[in-house]
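A quick write-up on the structure given underneath.
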Amino acid sequence: MARQIGEVIVDLQNISLRFGGVKALTDISFNIREHEIRSIIGPNGAGKSSMLNVINGVYHPQEGKIIYRGEERRKMEPYEAAGQGFARTFQNIALFKGMSVLDNLMTGRNLKMKATLVEQAFFWGRARNEELEHRKKVEEVIDFLEIQHIRKTPVGRLPYGLQKRVELGRALAAEPNLLLLDEPMAGMNVEEKQDMCRFILDVNDQFGTTIVLIEHDMGVVMDISDRVVVLDYGKKIGDGVPDEVKNNPEVIAAYLGTQH
Amino acid sequence: MFYREAGQFKTSYGADQQILPIRQDRIGMVVLLAVAFLGVPMFASEYWFSAILIPFLIFALAALGLNILTGYAGQLSLGSAAFMAVGAYAAYNFQLRIEGIPILVSFLLGGVVAAGVGILFGLPSLRIKGFYLAVATLAAQFFIVWCLTKFPWLSNNSSSGVISAQKIIIFGHEFNSPQDKYLLVLGIVVVLALAAKNLVRGNVGRSWMAVRDMDVAAEVIGFRIMRTKLTAFAVSSFYCGVAGALYAFCYLGSVEPDGFSLELSFKILFMIIIGGVGSILGSFVGAAFILLLPVLLDVLLPALSETLSLPVDGASISHIQTMIFGALIMFFLIVEPHGLARLWQIAKEKLRLWPFPH
Amino acid sequence: MQFFFEILIGGLLSGVMYSLVALGFVLIYKASGVFNFAQGAMVYFAALSVVGCMEKGAPLWLALILAFFIMLLFGMATEKFVLRKMVNQTPISLFMATIGLTFFVEGFAPLVWGHSVRGLDIGIVDEPIESVLDSLGIVVSRFDLVAALIAGLLVTGLALFFQYTRVGRALRAVADDHQAALSIGIPLERIWAIVWGVAGFVALVAGMLWGARNGVQFALTFTALKALPVLILGGFTSVPGAIVGGLIIGASEKLAEVYIPPVMQAMFGGNFGGIEGWFPYVLALLFLLVRPEGLFGEKHIDRV
């Protein structure tokens, strides 16, 4: 096995995020190591999605530091995060509904395309070469995810499970070094979940991509994660390897309730 | 039976990414272009050139411009006519004020100036969406027309802003006859339509559609919303601007600012709704439909009123026309929101299977 | 200074008219999420219906009642034949459909009632109020004042209607969440029909006042377009916003029309009248850059 967990690449320190008076995240610190699968779990409304949004710049926390590869990150917009090699999927599928699967995946390559407007207008020079070259890369992702048969289908027409897979494909097409997955298995049946697990593990294994995963299925989380962080009401209540977290009394209380 | 792609295998991604991947379509396109460039000039009458074909091509170009903005980038604009006006007046002024500037360069620069103005009025789109933006584009519509009327320099001090287009001379040949003008317009429109097709199937087109469909996801994948929207405004206004220049130089000959009214903007909007929002082909089909419908009604309505022996005067006919336009818009939005272009697509898909649908 | 106040008051009072039209927009938008571009055309249609009925011999009160029923019928028909069939479409599609509706009405109304410009006498004379003129030396039109009063009454009535009646409560529920409203047994379609009826009524009042002031003519539809910047200023969902926005637009455009052209003339020479035509839109545009949600609108946070 080639995969070896490396250095800390993202270090979140004392993150607090508020919307008006509502506290979404309070003083949360944890880190993400290179090549690991890092899960975030917690009950609904615990602030898991907000956490992902903080990592890739959709939300800007009022307090706290984000250290990326040893350097403190300034306030960053999502497209800049994408430029750093962050890609993600969304809890509610956020595909581009009017476009085909192929085009959706091609959008994942956009940061690597340099052709000017005029070159594109005449499909000339760099525009042509890039289009073909990136198509090749995208086809690799299509093969990897086994979605060859639907490549020309508009994504709006696909069933839910496949849409989730296409969304993963769009993120993979960007060749990210950090992949943020927001409930990639929600609403799936057992078989689809197994497929998705396999893809996640393969991505992690073959490309060494670091993965941050939000998931409700405890079986899956405990099975595939290297480390797990647990949030509840915007606070961190547990952090560690799956076995550690499983036996953490606070975590058990958050999930099952406490005895009074 | 003849419309089959069976046996046409693609061996490279290049072949698979052609604009017309099916051989029969490519043949059809060649035939269509041959008819347009060679056949039509042989048979069409002067009336057809100057009353139908030239305005058709020009409006199709303007509709194409609006379609880029509305159909592909999802930003509704009610000010297309104003951007046409900018193109027309800019081209006129380049011709007037720069000695010996080639006319085609003037058209191009007219488009560029319109693109600049488009970016300016597109700035609010960074903060607002949907009909907020539509209302904001009304500002462009009214403000630009007002400026053209009130600043005499722009129309070379003519009264109420009327300009008369200069002669069109390219390489010593004067484009004077309707047929010449038709060919000139056709050439420009074909090149720009091809460019538009290339844009919308390339990276920039994908960025437009991504922002249209899901802007947060678009930004997360790396598109810069601001740049994407402003590019759409610029390209769209460029097309409208060139269309405006052609409108002045090749169609009407002399134009006034009030000619580029809100009414005209609506007309262009209707073209893309009926033709197909988010379709290059739809811009052409819609332009043809909106231009030919009044011609048709002019013939049909009096005949109809005669057979029913209802007295219908001219004013009533124009009211009925307005009504029919409105009703058609609603009809299309309810029944086929993707317009005639989608019907054409469906027909083609049926044809691929015909006569053995299983 | 007197002159300034005269312009200001005149502008504010004409702003009331914009508010009235804007109110119609807000009502429909709140209840159904449809941005009804045809509100202006409805004003024209309502005014034409009143004059039309009077030409057929009906007295004013009867004409008003008849016109009200016509508008009600029209609103319900629109809801039934157009909007109900577009339930799952995007707001932009709905908006474009109402542009279609605008054209339909602009053709239909004059076809039925004739298109010539006609006056509408509702029994209020457009003359300066003497007591104000004598004491302050400012010309205030009696007509404008009455119009403002009527508008005020209408707004208060609507506010009470929304706040305290069962239908009003149902309406607010629908505005908040269609699905949820439906699930607790609120008859969605009837509510929408009522909203369109009320919007028709507001259009009738606006049409009557405007028609009486400037004559019943096609230009009414353009004037009604001015209600759009009012909405941007006030926010699309706010009744008070529509009122305040209308006043701001009315006052500022009149002031701009009086005070800007001389400045521009000094700078560029020439005649720069007609600023009124675009000033509200540009004002709204600039305003958008500062406060996109409007004065009274709610700010939305996108959840992802």
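Order determines the names: the first chain of the structure tokens is A, the second B, and so forth; residues in each chain are numbered 1 upward, and ligands are numbered 1 upward as they are shown.
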Please check the contacts: residues of chain C at most 7 Å away from chain B, using only C-alpha atoms, listed as a ChimeraX atom specification. /C:85-86,92-93,97,100-105,107-108,111,228-229,232,271-272,277-278,281-282,285,288-289,292
Just asking: which residues within region 122-329 of chain B are alpha helix (DSSP H) according to DSSP, as a PyMOL selection string? chain B and resi 122+130-150+178-201+203-213+215-221+225-246+262-275+280-307+314-329
Closest atom pairs, residues of chain A within 10 Å of chain B, only C-alpha atoms, as JSON lines:
{"residue": "A:Asn53", "atom": "CA", "partner": "B:Val220", "partner_atom": "CA", "distance": 9.7}
{"residue": "A:Asn56", "atom": "CA", "partner": "B:Val220", "partner_atom": "CA", "distance": 7.5}
{"residue": "A:Gly57", "atom": "CA", "partner": "B:Val220", "partner_atom": "CA", "distance": 8.4}
{"residue": "A:Val58", "atom": "CA", "partner": "B:Val220", "partner_atom": "CA", "distance": 7.7}
{"residue": "A:Glu77", "atom": "CA", "partner": "B:Glu219", "partner_atom": "CA", "distance": 8.4}
{"residue": "A:Pro78", "atom": "CA", "partner": "B:Val220", "partner_atom": "CA", "distance": 4.9}
{"residue": "A:Tyr79", "atom": "CA", "partner": "B:Gly222", "partner_atom": "CA", "distance": 4.1}
{"residue": "A:Glu80", "atom": "CA", "partner": "B:Gly222", "partner_atom": "CA", "distance": 7.0}
{"residue": "A:Ala81", "atom": "CA", "partner": "B:Val220", "partner_atom": "CA", "distance": 7.6}
{"residue": "A:Ala82", "atom": "CA", "partner": "B:Gly222", "partner_atom": "CA", "distance": 5.1}
{"residue": "A:Gly83", "atom": "CA", "partner": "B:Gly222", "partner_atom": "CA", "distance": 6.6}
{"residue": "A:Gln84", "atom": "CA", "partner": "B:Gly222", "partner_atom": "CA", "distance": 9.8}
{"residue": "A:Gly85", "atom": "CA", "partner": "B:Gly222", "partner_atom": "CA", "distance": 9.6}
{"residue": "A:Phe86", "atom": "CA", "partner": "B:Ile221", "partner_atom": "CA", "distance": 8.4}
{"residue": "A:Ala87", "atom": "CA", "partner": "B:Ile221", "partner_atom": "CA", "distance": 6.4}
{"residue": "A:Arg88", "atom": "CA", "partner": "B:Val220", "partner_atom": "CA", "distance": 7.4}
{"residue": "A:Thr89", "atom": "CA", "partner": "B:Ala217", "partner_atom": "CA", "distance": 8.4}
{"residue": "A:Phe90", "atom": "CA", "partner": "B:Ala217", "partner_atom": "CA", "distance": 8.2}
{"residue": "A:Ile93", "atom": "CA", "partner": "B:Ala217", "partner_atom": "CA", "distance": 9.5}
{"residue": "A:Ala94", "atom": "CA", "partner": "B:Ala217", "partner_atom": "CA", "distance": 6.0}
{"residue": "A:Leu95", "atom": "CA", "partner": "B:Met214", "partner_atom": "CA", "distance": 7.0}
{"residue": "A:Phe96", "atom": "CA", "partner": "B:Asp213", "partner_atom": "CA", "distance": 5.0}
{"residue": "A:Lys97", "atom": "CA", "partner": "B:Asp213", "partner_atom": "CA", "distance": 6.1}
{"residue": "A:Gly98", "atom": "CA", "partner": "B:Asp213", "partner_atom": "CA", "distance": 6.8}
{"residue": "A:Met99", "atom": "CA", "partner": "B:Met209", "partner_atom": "CA", "distance": 7.5}
{"residue": "A:Asp103", "atom": "CA", "partner": "B:Arg206", "partner_atom": "CA", "distance": 7.0}
{"residue": "A:Asn104", "atom": "CA", "partner": "B:Arg206", "partner_atom": "CA", "distance": 8.1}
{"residue": "A:Met106", "atom": "CA", "partner": "B:Asn203", "partner_atom": "CA", "distance": 8.0}
{"residue": "A:Thr107", "atom": "CA", "partner": "B:Arg206", "partner_atom": "CA", "distance": 6.4}
{"residue": "A:Gly108", "atom": "CA", "partner": "B:Ile221", "partner_atom": "CA", "distance": 6.0}
{"residue": "A:Arg109", "atom": "CA", "partner": "B:Ile221", "partner_atom": "CA", "distance": 8.6}
{"residue": "A:Asn110", "atom": "CA", "partner": "B:Asn203", "partner_atom": "CA", "distance": 6.5}
{"residue": "A:Leu111", "atom": "CA", "partner": "B:Gly222", "partner_atom": "CA", "distance": 6.2}
{"residue": "A:Lys112", "atom": "CA", "partner": "B:Gly222", "partner_atom": "CA", "distance": 9.9}
{"residue": "A:Met113", "atom": "CA", "partner": "B:Asn203", "partner_atom": "CA", "distance": 7.5}
{"residue": "A:Lys114", "atom": "CA", "partner": "B:Asn203", "partner_atom": "CA", "distance": 9.3}
{"residue": "A:Ala115", "atom": "CA", "partner": "B:Asn203", "partner_atom": "CA", "distance": 8.6}
{"residue": "A:Thr116", "atom": "CA", "partner": "B:Val204", "partner_atom": "CA", "distance": 9.1}
{"residue": "A:Leu117", "atom": "CA", "partner": "B:Val204", "partner_atom": "CA", "distance": 7.4}
{"residue": "A:Val118", "atom": "CA", "partner": "B:Ala195", "partner_atom": "CA", "distance": 8.6}
{"residue": "A:Glu119", "atom": "CA", "partner": "B:Leu199", "partner_atom": "CA", "distance": 9.2}
{"residue": "A:Gln120", "atom": "CA", "partner": "B:Leu199", "partner_atom": "CA", "distance": 5.8}
{"residue": "A:Ala121", "atom": "CA", "partner": "B:Ala195", "partner_atom": "CA", "distance": 4.4}
{"residue": "A:Phe122", "atom": "CA", "partner": "B:Ala195", "partner_atom": "CA", "distance": 5.6}
{"residue": "A:Phe123", "atom": "CA", "partner": "B:Asn198", "partner_atom": "CA", "distance": 6.1}
{"residue": "A:Trp124", "atom": "CA", "partner": "B:Asn198", "partner_atom": "CA", "distance": 9.7}
{"residue": "A:Ala127", "atom": "CA", "partner": "B:Gly202", "partner_atom": "CA", "distance": 7.9}
{"residue": "A:Arg128", "atom": "CA", "partner": "B:Gly14", "partner_atom": "CA", "distance": 8.7}
{"residue": "A:Asn129", "atom": "CA", "partner": "B:Gly14", "partner_atom": "CA", "distance": 9.4}
{"residue": "A:Glu130", "atom": "CA", "partner": "B:Asn203", "partner_atom": "CA", "distance": 9.5}
{"residue": "A:Glu131", "atom": "CA", "partner": "B:Gly202", "partner_atom": "CA", "distance": 7.4}
{"residue": "A:Leu132", "atom": "CA", "partner": "B:Tyr13", "partner_atom": "CA", "distance": 6.3}
{"residue": "A:Glu133", "atom": "CA", "partner": "B:Tyr13", "partner_atom": "CA", "distance": 9.0}
{"residue": "A:Arg135", "atom": "CA", "partner": "B:Tyr13", "partner_atom": "CA", "distance": 7.2}
{"residue": "A:Lys136", "atom": "CA", "partner": "B:Tyr13", "partner_atom": "CA", "distance": 7.7}
{"residue": "A:Glu139", "atom": "CA", "partner": "B:Tyr13", "partner_atom": "CA", "distance": 9.7}
{"residue": "A:Arg170", "atom": "CA", "partner": "B:Ile221", "partner_atom": "CA", "distance": 8.3}
{"residue": "A:Ala171", "atom": "CA", "partner": "B:Ile221", "partner_atom": "CA", "distance": 7.4}
{"residue": "A:Ala173", "atom": "CA", "partner": "B:Ile221", "partner_atom": "CA", "distance": 9.9}
{"residue": "A:Ala174", "atom": "CA", "partner": "B:Ile221", "partner_atom": "CA", "distance": 7.8}
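Minimum atom-to-atom distances from C:Ala170, C:Ala251, C:Ala109, C:Leu23 to Leu182 (chain C) were compared using only C-alpha atoms, and the lowest value belongs to C:Ala170.
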Which residues are close to region 254-256 of chain A, i.e. within 8 Å by only C-alpha atoms, leaving aside same-chain residues fewer than 3 positions away? Reply as JSON, numbers by chain. {"A": [42, 43, 232, 250, 251]}
Work out how far apart CA of Pro21 (chain B) and CA of Val40 (chain B) are and give it in Å to one decimal.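 Taking CA of Pro21 (chain B) and CA of Val40 (chain B), their separation equals 26.8 Å.
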Can you list, as a ChimeraX atom specification, every residue of region 94-219 of chain B that DSSP puts in strand (DSSP E)? /B:163-164,169-170,173-174
Work out how far apart CA of Leu300 (chain B) and CA of Leu252 (chain B) are and give it in Å to one decimal.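 Going from CA of Leu300 (chain B) over to CA of Leu252 (chain B), I get 26.5 Å.
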